[in-house]
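A.B. asks: Input structure: entry.pdb, which contains PDB, C-alpha atoms.
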ATOM      1  CA  MET Q 997      71.048  30.045  49.375
ATOM      2  CA  LYS Q 998      68.772  30.810  46.437
ATOM      3  CA  THR Q 999      70.298  31.559  43.046
ATOM      4  CA  GLU Q1000      69.038  35.150  43.087
ATOM      5  CA  GLN Q1001      70.677  35.764  46.463
ATOM      6  CA  ALA Q1002      73.924  34.231  45.236
ATOM      7  CA  GLU Q1003      73.891  36.415  42.131
ATOM      8  CA  ALA Q1004      73.310  39.529  44.253
ATOM      9  CA  LEU Q1005      76.197  38.629  46.549
ATOM     10  CA  ALA Q1006      78.472  37.967  43.570
ATOM     11  CA  LEU Q1007      77.529  41.324  42.047
ATOM     12  CA  GLY Q1008      78.483  42.875  45.375
ATOM     13  CA  VAL Q1009      81.840  41.121  45.174
ATOM     14  CA  LEU Q1010      82.343  42.388  41.622
ATOM     15  CA  THR Q1011      81.528  45.936  42.679
ATOM     16  CA  TRP Q1012      83.913  45.599  45.626
ATOM     17  CA  MET Q1013      86.691  44.305  43.367
ATOM     18  CA  LEU Q1014      86.166  47.108  40.846
ATOM     19  CA  GLY Q1015      86.779  49.608  43.649
ATOM     20  CA  ASP Q1016      90.428  48.550  43.769
ATOM     21  CA  PRO Q1017      92.390  48.995  40.509
ATOM     22  CA  GLU Q1018      95.035  46.426  41.510
ATOM     23  CA  ARG Q1019      92.432  43.787  42.355
ATOM     24  CA  THR Q1020      90.501  44.637  39.182
ATOM     25  CA  GLY Q1021      93.635  44.183  37.088
ATOM     26  CA  ALA Q1022      94.370  40.877  38.766
ATOM     27  CA  PHE Q1023      90.833  39.650  38.083
ATOM     28  CA  LEU Q1024      90.946  40.749  34.449
ATOM     29  CA  GLY Q1025      94.296  39.033  33.975
ATOM     30  CA  TRP Q1026      93.158  35.862  35.726
ATOM     31  CA  SER Q1027      89.817  35.650  33.930
ATOM     32  CA  GLY Q1028      90.843  36.912  30.508
ATOM     33  CA  ALA Q1029      87.947  39.365  30.657
ATOM     34  CA  ASP Q1030      88.072  42.985  29.581
ATOM     35  CA  ALA Q1031      85.846  46.009  30.174
ATOM     36  CA  ASP Q1032      83.426  44.973  27.407
ATOM     37  CA  ILE Q1033      83.019  41.511  28.886
ATOM     38  CA  LEU Q1034      82.417  43.014  32.323
ATOM     39  CA  ARG Q1035      79.636  45.175  30.914
ATOM     40  CA  THR Q1036      77.961  42.466  28.869
ATOM     41  CA  ARG Q1037      78.347  39.440  31.141
ATOM     42  CA  ALA Q1038      78.158  40.898  34.652
ATOM     43  CA  GLY Q1039      74.644  39.548  35.137
ATOM     44  CA  GLU Q1040      75.296  36.028  33.866
ATOM     45  CA  PRO Q1041      75.399  33.314  36.535
ATOM     46  CA  GLU Q1042      78.446  31.646  34.958
ATOM     47  CA  PHE Q1043      80.417  34.887  34.959
ATOM     48  CA  LEU Q1044      79.355  35.663  38.524
ATOM     49  CA  ALA Q1045      80.587  32.201  39.511
ATOM     50  CA  SER Q1046      84.005  33.135  38.125
ATOM     51  CA  VAL Q1047      83.953  36.320  40.223
ATOM     52  CA  LEU Q1048      83.452  34.234  43.343
ATOM     53  CA  ASP Q1049      86.061  31.709  42.221
ATOM     54  CA  PHE Q1050      88.575  34.533  41.943
ATOM     55  CA  LEU Q1051      87.662  35.961  45.335
ATOM     56  CA  LEU Q1052      87.999  32.536  46.936
ATOM     57  CA  LEU Q1053      91.608  32.256  45.746
ATOM     58  CA  SER Q1054      92.655  34.604  48.550
ATOM     59  CA  ASP Q1055      91.662  34.281  52.185
ATOM     60  CA  ALA Q1056      92.649  37.927  52.667
ATOM     61  CA  ASP Q1057      90.284  39.024  49.890
ATOM     62  CA  VAL Q1058      87.435  36.916  51.257
ATOM     63  CA  LEU Q1059      87.911  38.415  54.707
ATOM     64  CA  GLY Q1060      88.280  41.918  53.261
ATOM     65  CA  PHE Q1061      85.062  41.638  51.288
ATOM     66  CA  CYS Q1062      83.215  40.093  54.215
ATOM     67  CA  SER Q1063      84.363  42.845  56.547
ATOM     68  CA  ASP Q1064      83.397  45.609  54.133
ATOM     69  CA  ALA Q1065      80.078  44.034  53.117
ATOM     70  CA  ARG Q1066      79.154  42.706  56.556
ATOM     71  CA  ARG Q1067      78.945  39.179  55.237
ATOM     72  CA  THR Q1068      80.458  35.941  56.452
ATOM     73  CA  PRO Q1069      82.823  33.614  54.604
ATOM     74  CA  ALA Q1070      80.120  30.953  54.913
ATOM     75  CA  GLU Q1071      77.752  33.183  52.918
ATOM     76  CA  VAL Q1072      80.372  33.538  50.178
ATOM     77  CA  MET Q1073      80.793  29.759  50.050
ATOM     78  CA  ALA Q1074      77.020  29.241  49.984
ATOM     79  CA  ALA Q1075      76.729  31.727  47.128
ATOM     80  CA  ARG Q1076      79.414  29.895  45.178
ATOM     81  CA  ALA Q1077      77.649  26.579  45.743
ATOM     82  CA  ALA Q1078      74.391  28.065  44.419
ATOM     83  CA  LEU Q1079      75.899  29.206  41.112
ATOM     84  CA  PRO Q1080      76.849  27.058  38.104
ATOM     85  CA  GLY Q1081      79.730  24.693  38.844
ATOM     86  CA  GLY Q1082      79.402  25.184  42.585
ATOM     87  CA  ASP Q1083      78.365  21.595  43.136
ATOM     88  CA  VAL Q1084      81.705  20.313  41.818
ATOM     89  CA  PRO Q1085      83.945  19.307  44.738
ATOM     90  CA  HIS Q1086      87.373  20.882  44.979
ATOM     91  CA  TRP Q1087      90.073  18.377  45.791
ATOM     92  CA  THR Q1088      92.849  20.845  46.536
TER      93      THR Q1088
END
Rewrite the structure of this file - the entire thing - as structure tokens.

C.D. replies:
Amino acid sequence: MKTEQAEALALGVLTWMLGDPERTGAFLGWSGADADILRTRAGEPEFLASVLDFLLLSDADVLGFCSDARRTPAEVMAARAALPGGDVPHWT
């Protein structure tokens, strides 16, 4: 997946998360971000990578996003791999 496609998918994930106040609060707590950071960094590849990292913590959230956005989990994983830090293997 190209970087631009990955960024667009991650922005879709962010928009999806912001549609649910509980999920938004969990993301803000997990990331340490606030509303100002969301506004100023939403287009940065590193921040978008963190959005996907958060989504990937929960299989239910991945499946929920994929169902709503008509995407596949493989597309989410490909997007994560295309963004900064995505080439680092996870050993857990």

A.B. asks: Taking 6 positions as the minimum chain separation for residues in the same chain, which residues sit within 12 Å of range 1039-1043 of chain Q when counting only C-alpha atoms? Answer as a ChimeraX atom specification.

C.D. replies: /Q:999-1008,1010,1023,1027-1029,1033,1049-1050,1075-1082

A.B. asks: Between CA of Ala1070 in chain Q and CA of Arg1019 in chain Q, what distance in Å does the model show, to one decimal?

C.D. replies: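 Taking CA of Ala1070 in chain Q as the start and CA of Arg1019 in chain Q as the end point, the length is 21.8 Å.
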
A.B. asks: Between Q:Leu1034, Q:Leu1059, Q:Ala1045, Q:Leu1014, which residue has the minimum interatomic distance to Ala1074 in chain Q, considering only C-alpha atoms?

C.D. replies: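 With only C-alpha atoms as the atom set, the closest residue is Q:Ala1045.
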
A.B. asks: Please write as a ChimeraX atom specification the list of polymer residues whose atoms come within 12 Å of (88.9, 40.4, 50.2), counting only C-alpha atoms and keeping to the coordinates of the file.

C.D. replies: /Q:1008-1016,1019-1020,1047-1048,1050-1069,1072

A.B. asks: Mind giving me the straight-line distance from CA of Leu1044 in chain Q to CA of Lys998 in chain Q in Å, one decimal?

C.D. replies: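 Interatomic distance, CA of Leu1044 in chain Q to CA of Lys998 in chain Q: 14.1 Å.
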
A.B. asks: Centre and edge lengths, as lines of an AutoDock Vina configuration file, for the axis-aligned box enclosing every listed atom of range 1041-1054 of chain Q with 3 Å of padding on each of the six sides, in Å to one decimal?

C.D. replies:
center_x = 84.0
center_y = 34.0
center_z = 41.8
size_x = 23.3
size_y = 10.7
size_z = 19.6
